[in-house]
>>> print(open('data.txt').read())   # compact mmCIF, C-alpha atoms
# COMPACT_ATOMS: atom_id res chain seq x y z
CA MET C 1 18.12 25.58 -16.48
CA ALA C 2 15.09 25.19 -14.24
CA LEU C 3 11.70 24.51 -15.77
CA ASP C 4 8.87 26.94 -15.11
CA LYS C 5 5.56 25.76 -13.68
CA ASN C 6 3.90 25.14 -17.03
CA GLU C 7 6.96 23.38 -18.44
CA VAL C 8 7.01 21.08 -15.43
CA LYS C 9 3.39 20.09 -16.08
CA ALA C 10 4.03 19.69 -19.81
CA VAL C 11 7.09 17.48 -19.27
CA ILE C 12 5.15 15.20 -16.92
CA ALA C 13 2.01 15.02 -19.08
CA LYS C 14 3.99 14.31 -22.24
CA ARG C 15 5.97 11.51 -20.60
CA VAL C 16 2.82 9.91 -19.17
CA ALA C 17 1.19 10.05 -22.63
CA GLU C 18 4.07 7.94 -23.99
CA GLU C 19 2.90 5.11 -21.73
CA LEU C 20 -0.43 4.83 -23.55
CA GLU C 21 -0.97 2.22 -26.20
CA ASP C 22 -3.23 2.16 -29.21
CA GLY C 23 -6.78 1.25 -28.22
CA ASP C 24 -6.34 1.85 -24.50
CA LEU C 25 -9.35 2.90 -22.45
CA VAL C 26 -8.01 5.65 -20.20
CA ASN C 27 -9.40 7.56 -17.22
CA LEU C 28 -7.60 10.78 -16.31
CA GLY C 29 -7.89 12.40 -12.90
CA ILE C 30 -8.47 16.11 -12.47
CA GLY C 31 -5.68 18.70 -12.56
CA LEU C 32 -2.28 17.70 -13.94
CA PRO C 33 -3.40 14.22 -15.11
CA SER C 34 -6.07 15.79 -17.35
CA LEU C 35 -3.28 17.47 -19.39
CA VAL C 36 -2.14 14.06 -20.67
CA SER C 37 -4.85 14.19 -23.34
CA ASN C 38 -2.94 17.07 -25.01
CA TYR C 39 0.11 14.86 -25.70
CA ILE C 40 -1.21 11.64 -27.19
CA PRO C 41 1.54 10.42 -29.56
CA GLU C 42 0.79 10.48 -33.26
CA GLY C 43 -0.61 7.27 -34.68
CA ILE C 44 -2.04 6.22 -31.32
CA GLU C 45 -5.74 6.28 -30.63
CA VAL C 46 -6.93 6.07 -27.06
CA ILE C 47 -10.47 6.27 -25.67
CA PHE C 48 -11.14 8.41 -22.64
CA GLN C 49 -13.70 7.53 -19.99
CA ALA C 50 -15.30 9.94 -17.56
CA GLU C 51 -16.72 8.14 -14.54
CA ASN C 52 -19.89 10.23 -14.46
CA GLY C 53 -21.00 8.14 -17.42
CA LEU C 54 -19.35 8.27 -20.81
CA ILE C 55 -16.61 6.88 -22.99
CA GLY C 56 -15.40 8.79 -26.01
CA LEU C 57 -14.77 11.97 -24.04
CA GLY C 58 -13.74 14.80 -26.37
CA PRO C 59 -12.20 18.23 -25.75
CA ALA C 60 -13.82 20.97 -23.69
CA ALA C 61 -16.92 22.39 -25.37
CA SER C 62 -16.62 25.65 -27.32
CA LYS C 63 -19.23 28.34 -26.68
CA GLU C 64 -21.36 26.99 -29.55
CA GLU C 65 -21.02 23.38 -28.41
CA GLU C 66 -21.89 23.95 -24.74
CA ASP C 67 -24.61 21.60 -23.50
CA PRO C 68 -25.43 21.61 -19.78
CA ASP C 69 -26.41 17.93 -20.06
CA LEU C 70 -22.88 16.92 -21.09
CA THR C 71 -20.17 17.20 -18.46
CA ASN C 72 -17.01 15.39 -17.41
CA ALA C 73 -16.34 14.12 -13.88
CA SER C 74 -15.24 17.62 -12.80
CA GLY C 75 -18.56 19.09 -13.91
CA GLN C 76 -16.97 20.90 -16.87
CA LEU C 77 -18.87 21.19 -20.14
CA VAL C 78 -17.28 18.84 -22.65
CA THR C 79 -17.91 17.14 -25.99
CA LEU C 80 -18.47 13.55 -27.04
CA LEU C 81 -16.45 12.17 -29.93
CA GLU C 82 -18.04 10.26 -32.78
CA GLY C 83 -18.82 6.74 -31.61
CA GLY C 84 -18.86 7.75 -27.96
CA CYS C 85 -21.68 6.73 -25.64
CA TYR C 86 -23.35 7.32 -22.29
CA PHE C 87 -24.25 5.00 -19.43
CA ASP C 88 -25.34 5.09 -15.80
CA THR C 89 -22.97 5.24 -12.82
CA ALA C 90 -23.34 1.54 -11.95
CA THR C 91 -22.17 0.58 -15.44
CA SER C 92 -19.43 3.20 -15.27
CA PHE C 93 -18.00 1.64 -12.12
CA GLY C 94 -18.50 -1.84 -13.55
CA ILE C 95 -16.16 -0.67 -16.30
CA ILE C 96 -13.72 0.66 -13.70
CA ARG C 97 -13.79 -2.04 -11.01
CA GLY C 98 -14.22 -4.83 -13.53
CA GLY C 99 -10.77 -4.27 -15.00
CA HIS C 100 -11.95 -2.79 -18.29
CA VAL C 101 -10.00 0.46 -17.90
CA ASP C 102 -6.47 -0.06 -19.20
CA VAL C 103 -4.82 2.97 -17.61
CA THR C 104 -5.74 5.52 -14.99
CA VAL C 105 -3.60 8.58 -14.35
CA LEU C 106 -3.99 10.22 -10.95
CA GLY C 107 -2.31 12.80 -8.78
CA ALA C 108 -0.96 12.05 -5.31
CA LEU C 109 -0.30 13.62 -1.95
CA GLN C 110 2.02 10.73 -1.15
CA VAL C 111 3.07 7.51 -2.83
CA ASP C 112 5.42 4.90 -1.44
CA GLN C 113 7.82 2.15 -2.50
CA ARG C 114 5.14 -0.54 -2.18
CA GLY C 115 2.79 1.28 -4.52
CA ASN C 116 0.55 2.58 -1.75
CA LEU C 117 -1.22 5.79 -2.68
CA ALA C 118 -2.59 8.61 -0.51
CA ASN C 119 -4.55 11.29 -2.35
CA TRP C 120 -7.94 11.84 -0.72
CA LYS C 121 -7.50 13.14 2.79
CA ILE C 122 -5.26 15.17 5.09
CA PRO C 123 -6.87 14.60 8.50
CA GLY C 124 -8.00 17.85 10.09
CA LYS C 125 -6.99 19.87 7.04
CA LEU C 126 -8.42 18.68 3.77
CA VAL C 127 -11.20 16.13 3.39
CA PRO C 128 -12.71 16.46 -0.08
CA GLY C 129 -13.68 12.78 -0.28
CA MET C 130 -12.37 10.00 -2.47
CA GLY C 131 -14.89 10.32 -5.30
CA GLY C 132 -14.01 7.57 -7.77
CA ALA C 133 -10.29 7.41 -6.94
CA MET C 134 -10.44 4.30 -4.74
CA ASP C 135 -12.34 2.36 -7.40
CA LEU C 136 -10.02 3.58 -10.17
CA THR C 137 -6.82 2.61 -8.40
CA VAL C 138 -8.14 -0.84 -7.54
CA GLY C 139 -9.81 -1.50 -10.88
CA ALA C 140 -7.58 -0.04 -13.59
CA ARG C 141 -5.05 -2.45 -15.08
CA LYS C 142 -2.29 0.12 -14.84
CA VAL C 143 -2.14 2.96 -12.32
CA ILE C 144 0.17 5.86 -13.18
CA ILE C 145 0.82 8.63 -10.69
CA SER C 146 1.66 11.95 -12.31
CA MET C 147 2.74 14.70 -9.99
CA VAL C 148 5.35 17.30 -9.18
CA HIS C 149 8.18 15.44 -7.44
CA THR C 150 8.02 17.25 -4.08
CA GLN C 151 5.57 19.47 -2.21
CA LYS C 152 7.70 22.65 -2.19
CA GLY C 153 10.78 20.61 -1.35
CA VAL C 154 9.08 18.16 1.00
CA PRO C 155 9.31 14.62 -0.43
CA LYS C 156 6.05 12.97 -1.53
CA ILE C 157 7.68 9.72 -2.60
CA LEU C 158 8.27 7.85 0.61
CA LYS C 159 9.24 4.59 2.24
CA GLU C 160 5.74 4.43 3.69
CA CYS C 161 2.76 6.77 3.30
CA ASN C 162 1.60 8.32 6.58
CA LEU C 163 -1.62 9.90 5.24
CA PRO C 164 -4.81 7.81 4.93
CA LEU C 165 -4.50 5.50 1.94
CA THR C 166 -6.56 5.63 -1.21
CA ALA C 167 -5.43 2.16 -2.19
CA LYS C 168 -2.94 -0.44 -1.09
CA GLU C 169 -0.16 -1.60 -3.40
CA GLU C 170 -1.90 -0.60 -6.62
CA VAL C 171 0.47 1.99 -8.15
CA ASP C 172 2.56 0.75 -11.08
CA LEU C 173 4.45 3.81 -12.29
CA ILE C 174 5.34 7.26 -10.94
CA VAL C 175 6.09 10.09 -13.35
CA THR C 176 7.40 13.43 -12.10
CA GLU C 177 9.37 16.24 -13.75
CA MET C 178 12.52 14.68 -12.28
CA ALA C 179 12.07 10.97 -12.88
CA VAL C 180 10.13 7.96 -14.02
CA MET C 181 10.01 5.28 -11.35
CA GLU C 182 8.55 1.82 -11.52
CA VAL C 183 7.07 0.05 -8.51
CA THR C 184 8.48 -3.47 -8.27
CA ASP C 185 8.45 -6.25 -5.65
CA LYS C 186 11.95 -5.15 -4.65
CA GLY C 187 11.14 -1.45 -4.41
CA LEU C 188 11.20 1.66 -6.58
CA VAL C 189 13.34 1.41 -9.70
CA LEU C 190 14.64 4.63 -11.24
CA LYS C 191 13.94 4.16 -14.95
CA GLU C 192 14.47 7.60 -16.44
CA LEU C 193 15.66 11.08 -15.53
CA GLY C 194 13.89 14.31 -16.41
CA PRO C 195 15.42 17.32 -18.19
CA ASP C 196 18.73 18.46 -16.64
CA THR C 197 18.15 16.20 -13.64
CA THR C 198 20.90 14.14 -12.02
CA ILE C 199 20.58 10.88 -10.09
CA GLU C 200 21.83 12.69 -7.00
CA GLU C 201 19.06 15.29 -7.27
CA VAL C 202 16.40 12.59 -7.52
CA ILE C 203 17.84 10.77 -4.50
CA ALA C 204 17.88 14.01 -2.50
CA ALA C 205 14.22 14.75 -3.35
CA THR C 206 12.98 11.23 -2.61
CA ASP C 207 12.51 9.87 0.90
CA VAL C 208 13.16 6.22 0.10
CA GLU C 209 16.12 4.28 -1.17
CA LEU C 210 15.86 3.83 -4.93
CA ILE C 211 17.04 0.91 -7.00
CA ILE C 212 19.41 2.43 -9.57
CA PRO C 213 20.05 0.25 -12.61
CA ASP C 214 23.16 0.58 -14.78
CA LYS C 215 21.22 2.05 -17.64
CA ILE C 216 18.88 4.96 -17.04
CA GLY C 217 16.93 6.67 -19.82
CA ARG C 218 16.10 10.32 -20.22
CA PHE C 219 12.91 12.18 -21.11
CA GLY C 220 12.09 15.79 -21.84
CA LEU C 221 9.86 18.16 -23.73
CA MET D 1 -44.66 20.74 -7.13
CA ASN D 2 -45.98 21.61 -3.64
CA GLU D 3 -47.60 18.21 -3.34
CA ALA D 4 -44.24 16.62 -4.09
CA VAL D 5 -42.47 18.79 -1.51
CA ASN D 6 -45.08 17.79 1.09
CA LEU D 7 -44.14 14.13 0.62
CA LEU D 8 -40.89 14.92 2.41
CA LYS D 9 -41.09 14.62 6.19
CA ASP D 10 -38.50 15.53 8.79
CA GLY D 11 -36.01 12.72 9.38
CA MET D 12 -36.48 10.97 6.05
CA VAL D 13 -33.70 9.41 3.98
CA VAL D 14 -33.59 11.07 0.57
CA MET D 15 -31.72 10.06 -2.56
CA VAL D 16 -30.97 12.79 -5.07
CA GLY D 17 -29.87 12.01 -8.62
CA GLY D 18 -27.13 14.00 -10.32
CA PHE D 19 -23.38 14.43 -10.51
CA LEU D 20 -22.16 17.87 -9.43
CA GLY D 21 -25.68 19.04 -10.25
CA CYS D 22 -25.79 17.64 -13.80
CA GLY D 23 -28.93 15.50 -13.87
CA SER D 24 -30.30 16.82 -10.57
CA PRO D 25 -33.93 17.95 -10.14
CA LYS D 26 -33.06 21.61 -9.64
CA LYS D 27 -36.58 23.10 -9.64
CA LEU D 28 -37.79 20.52 -7.16
CA ILE D 29 -34.77 21.24 -4.98
CA ASP D 30 -35.53 24.98 -5.15
CA ALA D 31 -39.07 24.26 -3.94
CA ILE D 32 -37.74 22.08 -1.09
CA VAL D 33 -35.34 24.85 -0.06
CA GLU D 34 -38.42 27.10 0.33
CA SER D 35 -39.97 24.54 2.72
CA ASP D 36 -39.11 23.92 6.38
CA VAL D 37 -38.35 20.21 6.06
CA LYS D 38 -35.23 19.28 8.02
CA ASP D 39 -33.13 16.52 9.62
CA LEU D 40 -33.03 14.67 6.32
CA THR D 41 -30.34 12.16 5.42
CA LEU D 42 -28.93 12.71 1.93
CA ILE D 43 -27.69 9.95 -0.34
CA CYS D 44 -26.12 11.52 -3.43
CA ASN D 45 -22.87 11.38 -5.37
CA ASP D 46 -21.71 14.73 -3.98
CA THR D 47 -23.00 17.89 -2.33
CA SER D 48 -22.63 19.98 -5.51
CA PHE D 49 -21.79 23.69 -5.11
CA PRO D 50 -23.23 26.04 -2.44
CA ASP D 51 -25.43 27.86 -4.96
CA TYR D 52 -26.29 24.93 -7.21
CA ALA D 53 -28.66 21.93 -7.05
CA VAL D 54 -28.52 19.90 -3.81
CA GLY D 55 -25.82 22.26 -2.51
CA LYS D 56 -28.59 24.77 -1.74
CA MET D 57 -30.21 22.29 0.67
CA ILE D 58 -26.84 21.98 2.40
CA VAL D 59 -26.66 25.75 2.83
CA LYS D 60 -30.26 25.74 4.19
CA LYS D 61 -29.09 23.06 6.70
CA GLN D 62 -31.85 20.60 5.76
CA PHE D 63 -29.62 17.55 6.28
CA SER D 64 -28.41 16.12 9.57
CA LYS D 65 -26.39 13.50 7.70
CA VAL D 66 -25.00 13.15 4.18
CA ILE D 67 -23.74 9.95 2.55
CA VAL D 68 -21.72 10.97 -0.52
CA SER D 69 -18.45 10.29 -2.33
CA HIS D 70 -17.22 13.86 -2.53
CA ILE D 71 -17.74 17.19 -0.73
CA GLY D 72 -14.76 19.12 -2.08
CA THR D 73 -16.86 21.44 -4.25
CA ASN D 74 -19.06 22.68 -1.40
CA LYS D 75 -17.27 24.70 1.29
CA GLU D 76 -20.44 24.81 3.40
CA THR D 77 -20.57 20.99 3.69
CA ILE D 78 -16.96 21.03 4.85
CA ARG D 79 -17.69 23.79 7.37
CA GLN D 80 -20.75 21.97 8.75
CA MET D 81 -18.72 18.76 9.04
CA ASN D 82 -15.82 20.48 10.82
CA ASP D 83 -18.19 22.30 13.19
CA GLY D 84 -20.04 19.08 14.01
CA GLU D 85 -23.35 20.35 12.59
CA THR D 86 -23.75 17.72 9.90
CA GLU D 87 -22.53 14.13 9.89
CA VAL D 88 -20.62 13.30 6.72
CA GLU D 89 -20.08 9.71 5.60
CA LEU D 90 -17.72 9.47 2.62
CA VAL D 91 -18.13 6.40 0.42
CA PRO D 92 -16.17 5.43 -2.70
CA GLN D 93 -18.30 6.35 -5.70
CA GLY D 94 -18.45 2.86 -7.17
CA THR D 95 -19.37 1.40 -3.80
CA LEU D 96 -22.07 4.02 -3.25
CA VAL D 97 -23.85 3.36 -6.54
CA GLU D 98 -23.58 -0.40 -6.06
CA GLN D 99 -25.06 -0.14 -2.55
CA ILE D 100 -28.02 1.69 -4.06
CA ARG D 101 -28.27 -0.80 -6.90
CA CYS D 102 -28.31 -3.72 -4.46
CA ALA D 103 -31.16 -2.20 -2.47
CA GLY D 104 -33.22 -1.73 -5.62
CA PHE D 105 -32.35 -5.11 -7.08
CA GLY D 106 -33.26 -7.11 -3.98
CA LEU D 107 -29.72 -8.09 -3.06
CA GLY D 108 -28.21 -8.28 0.42
CA GLY D 109 -25.02 -6.42 -0.39
CA PHE D 110 -21.81 -7.29 -2.17
CA TYR D 111 -18.07 -7.86 -1.83
CA THR D 112 -15.82 -5.26 -3.43
CA PRO D 113 -12.03 -4.87 -3.71
CA THR D 114 -12.43 -1.09 -3.41
CA GLY D 115 -11.21 0.26 -0.09
CA VAL D 116 -9.27 -2.84 1.02
CA GLY D 117 -6.37 -1.74 3.24
CA THR D 118 -7.82 1.78 3.68
CA GLU D 119 -9.93 3.31 6.44
CA VAL D 120 -13.02 2.51 4.34
CA GLU D 121 -12.48 -1.10 5.41
CA ASN D 122 -12.81 -0.33 9.16
CA GLY D 123 -15.46 -2.49 10.82
CA LYS D 124 -16.30 -4.41 7.67
CA GLU D 125 -16.11 -8.10 6.94
CA ARG D 126 -13.18 -9.20 4.79
CA LYS D 127 -13.40 -12.15 2.44
CA VAL D 128 -10.90 -13.76 0.08
CA VAL D 129 -12.38 -15.23 -3.10
CA ASP D 130 -10.04 -16.94 -5.57
CA GLY D 131 -7.07 -15.14 -4.06
CA ILE D 132 -8.57 -11.64 -4.22
CA THR D 133 -9.44 -9.76 -1.04
CA TYR D 134 -12.84 -8.08 -0.84
CA ILE D 135 -14.80 -6.18 1.78
CA TYR D 136 -18.52 -6.52 2.36
CA GLU D 137 -20.80 -3.53 1.71
CA LYS D 138 -24.48 -3.33 2.63
CA PRO D 139 -27.39 -2.22 0.45
CA LEU D 140 -28.56 1.37 0.82
CA LYS D 141 -32.19 2.40 0.40
CA ALA D 142 -34.21 5.57 0.86
CA ASP D 143 -37.67 6.79 1.71
CA VAL D 144 -37.81 9.14 -1.24
CA ALA D 145 -35.79 9.51 -4.45
CA LEU D 146 -35.67 12.90 -6.16
CA LEU D 147 -34.69 12.35 -9.78
CA PHE D 148 -34.42 14.24 -13.03
CA GLY D 149 -35.43 13.14 -16.52
CA SER D 150 -34.89 14.97 -19.77
CA LYS D 151 -38.10 13.63 -21.26
CA VAL D 152 -40.74 11.89 -19.19
CA ASP D 153 -43.97 10.57 -20.65
CA LYS D 154 -47.27 10.83 -18.80
CA LYS D 155 -47.04 7.21 -17.66
CA GLY D 156 -43.65 7.93 -16.06
CA ASN D 157 -41.22 6.42 -18.55
CA VAL D 158 -37.96 8.34 -18.44
CA PHE D 159 -35.37 9.24 -21.07
CA TYR D 160 -32.11 10.74 -19.78
CA ASN D 161 -30.06 12.92 -22.13
CA ALA D 162 -26.26 12.58 -22.22
CA THR D 163 -24.56 12.53 -18.80
CA THR D 164 -27.72 13.48 -16.88
CA ARG D 165 -28.33 9.74 -16.50
CA ASN D 166 -25.68 8.98 -13.82
CA PHE D 167 -27.33 7.82 -10.55
CA ASN D 168 -30.94 8.51 -11.65
CA PRO D 169 -31.97 5.13 -13.13
CA ILE D 170 -30.29 3.27 -10.25
CA MET D 171 -31.98 5.31 -7.53
CA ALA D 172 -35.36 4.85 -9.26
CA LEU D 173 -35.48 1.29 -7.88
CA ALA D 174 -34.14 1.97 -4.40
CA ALA D 175 -36.69 4.28 -2.75
CA ASP D 176 -40.25 3.80 -1.47
CA THR D 177 -41.42 6.92 -3.27
CA VAL D 178 -39.90 8.13 -6.53
CA ILE D 179 -40.43 11.68 -7.76
CA VAL D 180 -39.08 12.63 -11.17
CA GLU D 181 -38.69 16.22 -12.26
CA ALA D 182 -39.16 16.34 -16.02
CA GLU D 183 -37.42 18.83 -18.23
CA GLU D 184 -40.16 18.02 -20.74
CA ILE D 185 -43.33 15.98 -20.32
CA VAL D 186 -44.57 14.15 -23.41
CA GLU D 187 -47.56 11.93 -24.19
CA ALA D 188 -47.27 8.21 -23.54
CA GLY D 189 -46.08 6.59 -26.74
CA GLU D 190 -43.98 9.54 -27.84
CA LEU D 191 -40.72 8.18 -26.40
CA ASP D 192 -38.94 5.48 -28.35
CA PRO D 193 -39.33 2.42 -26.07
CA ASN D 194 -35.72 1.51 -26.90
CA CYS D 195 -34.52 4.73 -25.29
CA ILE D 196 -36.39 4.44 -22.01
CA ALA D 197 -33.84 3.95 -19.22
CA THR D 198 -36.34 3.98 -16.34
CA PRO D 199 -39.58 2.04 -16.88
CA HIS D 200 -42.71 3.85 -15.63
CA ILE D 201 -43.49 1.26 -12.94
CA PHE D 202 -40.81 2.79 -10.71
CA VAL D 203 -42.08 6.36 -10.92
CA ASN D 204 -44.73 7.59 -8.47
CA TYR D 205 -44.82 11.32 -9.19
CA ILE D 206 -43.82 13.57 -12.09
CA VAL D 207 -43.24 17.28 -11.57
CA GLY D 208 -42.04 20.11 -13.79
CA GLY D 209 -42.06 19.86 -17.56
CA GLU D 210 -42.43 23.58 -18.22
CA LYS D 211 -39.92 23.76 -21.01
>>> encode(input="data.txt", output="structure tokens")
Amino acid sequence: MALDKNEVKAVIAKRVAEELEDGDLVNLGIGLPSLVSNYIPEGIEVIFQAENGLIGLGPAASKEEEDPDLTNASGQLVTLLEGGCYFDTATSFGIIRGGHVDVTVLGALQVDQRGNLANWKIPGKLVPGMGGAMDLTVGARKVIISMVHTQKGVPKILKECNLPLTAKEEVDLIVTEMAVMEVTDKGLVLKELGPDTTIEEVIAATDVELIIPDKIGRFGL
Amino acid sequence: MNEAVNLLKDGMVVMVGGFLGCGSPKKLIDAIVESDVKDLTLICNDTSFPDYAVGKMIVKKQFSKVIVSHIGTNKETIRQMNDGETEVELVPQGTLVEQIRCAGFGLGGFYTPTGVGTEVENGKERKVVDGITYIYEKPLKADVALLFGSKVDKKGNVFYNATTRNFNPIMALAADTVIVEAEEIVEAGELDPNCIATPHIFVNYIVGGEK
């Protein structure tokens, strides 16, 4: 039974959330990665950073809570949790580059077996800029890529990225609706399979040879 | 406000505080959009949205070059870049703010791991320190900084509310002339000295304050 669009996102976000540990400082990218905050496992408390200058990021602001002075890194009106705080951009990137962010979750255009990531530019087509993504991938202790496995059937997980890189050899884990893959010195290891997904399907949708261990886990909604 | 706008001359390098418009001097920008100043170089986190904050100056084509980390929210910046009308230099956000900080703090640049092995590294010096590879980035200064403060006292001390702070207190040190648009102007002594993020010595002009 195929997952619908929203189920795909939910499956990925929920599985990524399971990677988080109590007390982690986490920075979520825009789009799919931002959904991870909806699935934090019970009993675990994580702190979210927004690179425009806060830690203790709370949910989106309700109509009554809206304050134009308080936004996240996408410019959306948000809230600050009790104990949260603000700082300037230099401090914010000191937190990021200095290795004080435990986990960042980002999307990708392409990611490869060496942990190279491309997510900021398609030459001649799309050049939004890298924003804070290059600093986050270099600085965060753990870099998780969360994305739909292919771009409408075209593999995004490759032997070698051919789009301009965001960072070199910084990705640690890739989570899609089909699989969880770990980047190792030897290559990509298939750790878990998504709902109703077979090893053969993952291999067919991935443009690099995977290391397949004897035991493979499973995740789902 | 007009006096502040007249400080801007064609060809100047201008820093603008704010992050997607949050913490940008929007009234001052509106006044600049009404003026004919042009060929400016922008240093800012982003180019905001076409109808918001510094994005309006993009639409008015007042910049010949922009140095920012992100242009994805402003279609007009992308169009001007693709049509060769405006030069766009994209810089990683953490590198951009640190370049500005270095200029204001009297430092000759810095080595950062950000951008190593990417096209950001092109033409830059590489250095390995204790086994980690870094690239060298230069300081970045401006002729004028256009900033925003939530509360500014009459001496020029600035308090920034919530996430309006962002680049503002960093840019305050990195430009020859610093203009702060105040959301509210208060008497000297009214701000808690513990909450002042930009000391008054950096501020040359205060505008706005009509709350």
>>> residues_around(input="data.txt", residues="Thr41 of chain D", least_positions_apart="3", cutoff="10 Å", atoms="all atoms listed in the file", output="MDAnalysis selection string")
chainID D and resid 10:15 38 44 62:67 86:88 142:143
>>> residues_around(input="data.txt", residues="Val202 of chain C", least_positions_apart="3", cutoff="10 Å", atoms="all atoms listed in the file", output="count of residues only")
13
>>> closest_residue(input="data.txt", among="D:Leu147, D:Leu8, D:Val91, D:Val59", to="chain C", atoms="all atoms listed in the file")
D:Val91
>>> closest_atom_pairs(input="data.txt", of="chain D", to="chain C", cutoff="6 Å", atoms="only C-alpha atoms", output="CSV")
residue,atom,partner,partner_atom,distance
D:Leu20,CA,C:Gly75,CA,5.9
D:Ser69,CA,C:Gly131,CA,4.6
D:His70,CA,C:Gly129,CA,4.3
D:Ile71,CA,C:Pro128,CA,5.1
D:Gly72,CA,C:Pro128,CA,3.9
D:Leu90,CA,C:Gly129,CA,6.0
D:Pro92,CA,C:Gly131,CA,5.7
D:Gln93,CA,C:Gly132,CA,4.9
D:Gly94,CA,C:Phe93,CA,5.1
D:Val97,CA,C:Ala90,CA,5.7
D:Thr114,CA,C:Asp135,CA,5.3
D:Gly117,CA,C:Lys168,CA,5.7
D:Thr118,CA,C:Leu165,CA,5.3
D:Ala162,CA,C:Leu70,CA,5.6
D:Thr163,CA,C:Leu70,CA,5.2
D:Thr164,CA,C:Asp69,CA,5.6
D:Arg165,CA,C:Asp88,CA,5.6
D:Asn166,CA,C:Asp88,CA,4.4
D:Phe167,CA,C:Thr89,CA,5.6
>>> write_last_selection(input="data.txt", atoms="C-alpha atoms", output="compact mmCIF listing (two decimals), in the coordinates of the input")
# COMPACT_ATOMS: atom_id res chain seq x y z
CA LEU D 20 -22.16 17.87 -9.43
CA SER D 69 -18.45 10.29 -2.33
CA HIS D 70 -17.22 13.86 -2.53
CA ILE D 71 -17.74 17.19 -0.73
CA GLY D 72 -14.76 19.12 -2.08
CA LEU D 90 -17.72 9.47 2.62
CA PRO D 92 -16.17 5.43 -2.70
CA GLN D 93 -18.30 6.35 -5.70
CA GLY D 94 -18.45 2.86 -7.17
CA VAL D 97 -23.85 3.36 -6.54
CA THR D 114 -12.43 -1.09 -3.41
CA GLY D 117 -6.37 -1.74 3.24
CA THR D 118 -7.82 1.78 3.68
CA ALA D 162 -26.26 12.58 -22.22
CA THR D 163 -24.56 12.53 -18.80
CA THR D 164 -27.72 13.48 -16.88
CA ARG D 165 -28.33 9.74 -16.50
CA ASN D 166 -25.68 8.98 -13.82
CA PHE D 167 -27.33 7.82 -10.55
>>> closest_residue(input="data.txt", among="D:Glu98, D:Asn157, D:Lys141, D:Met171", to="Ile201 of chain D", atoms="all atoms listed in the file")
D:Asn157
>>> residues_around(input="data.txt", residues="Val46 of chain C", least_positions_apart="5", cutoff="12 Å", atoms="all atoms listed in the file", output="PyMOL selection string")
chain C and resi 17-28+36-41+55-58+81+101-103
>>> atom_distance(input="data.txt", atom1="atom CA of Asn74 of chain D", atom2="atom CA of Pro50 of chain D")
5.5 Å
>>> atom_distance(input="data.txt", atom1="atom CA of Ile100 of chain D", atom2="atom CA of Thr112 of chain D")
14.1 Å
>>> residues_around(input="data.txt", residues="segment 31-37 of chain D", least_positions_apart="5", cutoff="12 Å", atoms="only C-alpha atoms", output="JSON, numbers by chain")
{"D": [1, 2, 3, 4, 5, 6, 7, 8, 9, 10, 11, 12, 13, 14, 25, 26, 51, 52, 53, 54, 55, 56, 57, 58, 59, 60, 61, 62, 63, 64, 146, 181, 207, 208]}
>>> atom_distance(input="data.txt", atom1="atom CA of Ser146 of chain C", atom2="atom CA of Glu182 of chain C")
12.3 Å
>>> closest_residue(input="data.txt", among="C:Leu3, C:Val78, C:Leu106, C:Ile30", to="Lys142 of chain C", atoms="all atoms listed in the file")
C:Leu106
>>> decode(input="data.txt", residues="segment 154-163 of chain D", atoms="N, CA and C atoms", output="PDB file, in the first residue's frame")
ATOM      1  N   LYS D 154      18.163  58.976  23.830  1.00  0.00           N
ATOM      2  CA  LYS D 154      18.582  60.171  23.078  1.00  0.00           C
ATOM      3  C   LYS D 154      20.097  60.276  22.928  1.00  0.00           C
ATOM      4  N   LYS D 155      20.838  59.505  23.696  1.00  0.00           N
ATOM      5  CA  LYS D 155      22.297  59.460  23.505  1.00  0.00           C
ATOM      6  C   LYS D 155      22.674  58.484  22.395  1.00  0.00           C
ATOM      7  N   GLY D 156      21.747  57.549  22.071  1.00  0.00           N
ATOM      8  CA  GLY D 156      22.021  56.572  21.015  1.00  0.00           C
ATOM      9  C   GLY D 156      22.206  55.153  21.507  1.00  0.00           C
ATOM     10  N   ASN D 157      21.999  54.910  22.781  1.00  0.00           N
ATOM     11  CA  ASN D 157      22.035  53.523  23.286  1.00  0.00           C
ATOM     12  C   ASN D 157      20.846  52.749  22.720  1.00  0.00           C
ATOM     13  N   VAL D 158      21.107  51.498  22.336  1.00  0.00           N
ATOM     14  CA  VAL D 158      20.045  50.751  21.648  1.00  0.00           C
ATOM     15  C   VAL D 158      19.687  49.464  22.387  1.00  0.00           C
ATOM     16  N   PHE D 159      18.378  49.249  22.530  1.00  0.00           N
ATOM     17  CA  PHE D 159      17.830  47.975  23.008  1.00  0.00           C
ATOM     18  C   PHE D 159      17.099  47.319  21.835  1.00  0.00           C
ATOM     19  N   TYR D 160      17.398  46.052  21.588  1.00  0.00           N
ATOM     20  CA  TYR D 160      16.741  45.309  20.512  1.00  0.00           C
ATOM     21  C   TYR D 160      15.786  44.299  21.119  1.00  0.00           C
ATOM     22  N   ASN D 161      14.545  44.305  20.696  1.00  0.00           N
ATOM     23  CA  ASN D 161      13.562  43.353  21.219  1.00  0.00           C
ATOM     24  C   ASN D 161      13.595  42.050  20.419  1.00  0.00           C
ATOM     25  N   ALA D 162      13.571  40.940  21.158  1.00  0.00           N
ATOM     26  CA  ALA D 162      13.446  39.596  20.566  1.00  0.00           C
ATOM     27  C   ALA D 162      14.414  39.388  19.388  1.00  0.00           C
ATOM     28  N   THR D 163      13.917  38.837  18.279  1.00  0.00           N
ATOM     29  CA  THR D 163      14.834  38.498  17.175  1.00  0.00           C
ATOM     30  C   THR D 163      15.101  39.670  16.226  1.00  0.00           C
TER      31      THR D 163
END
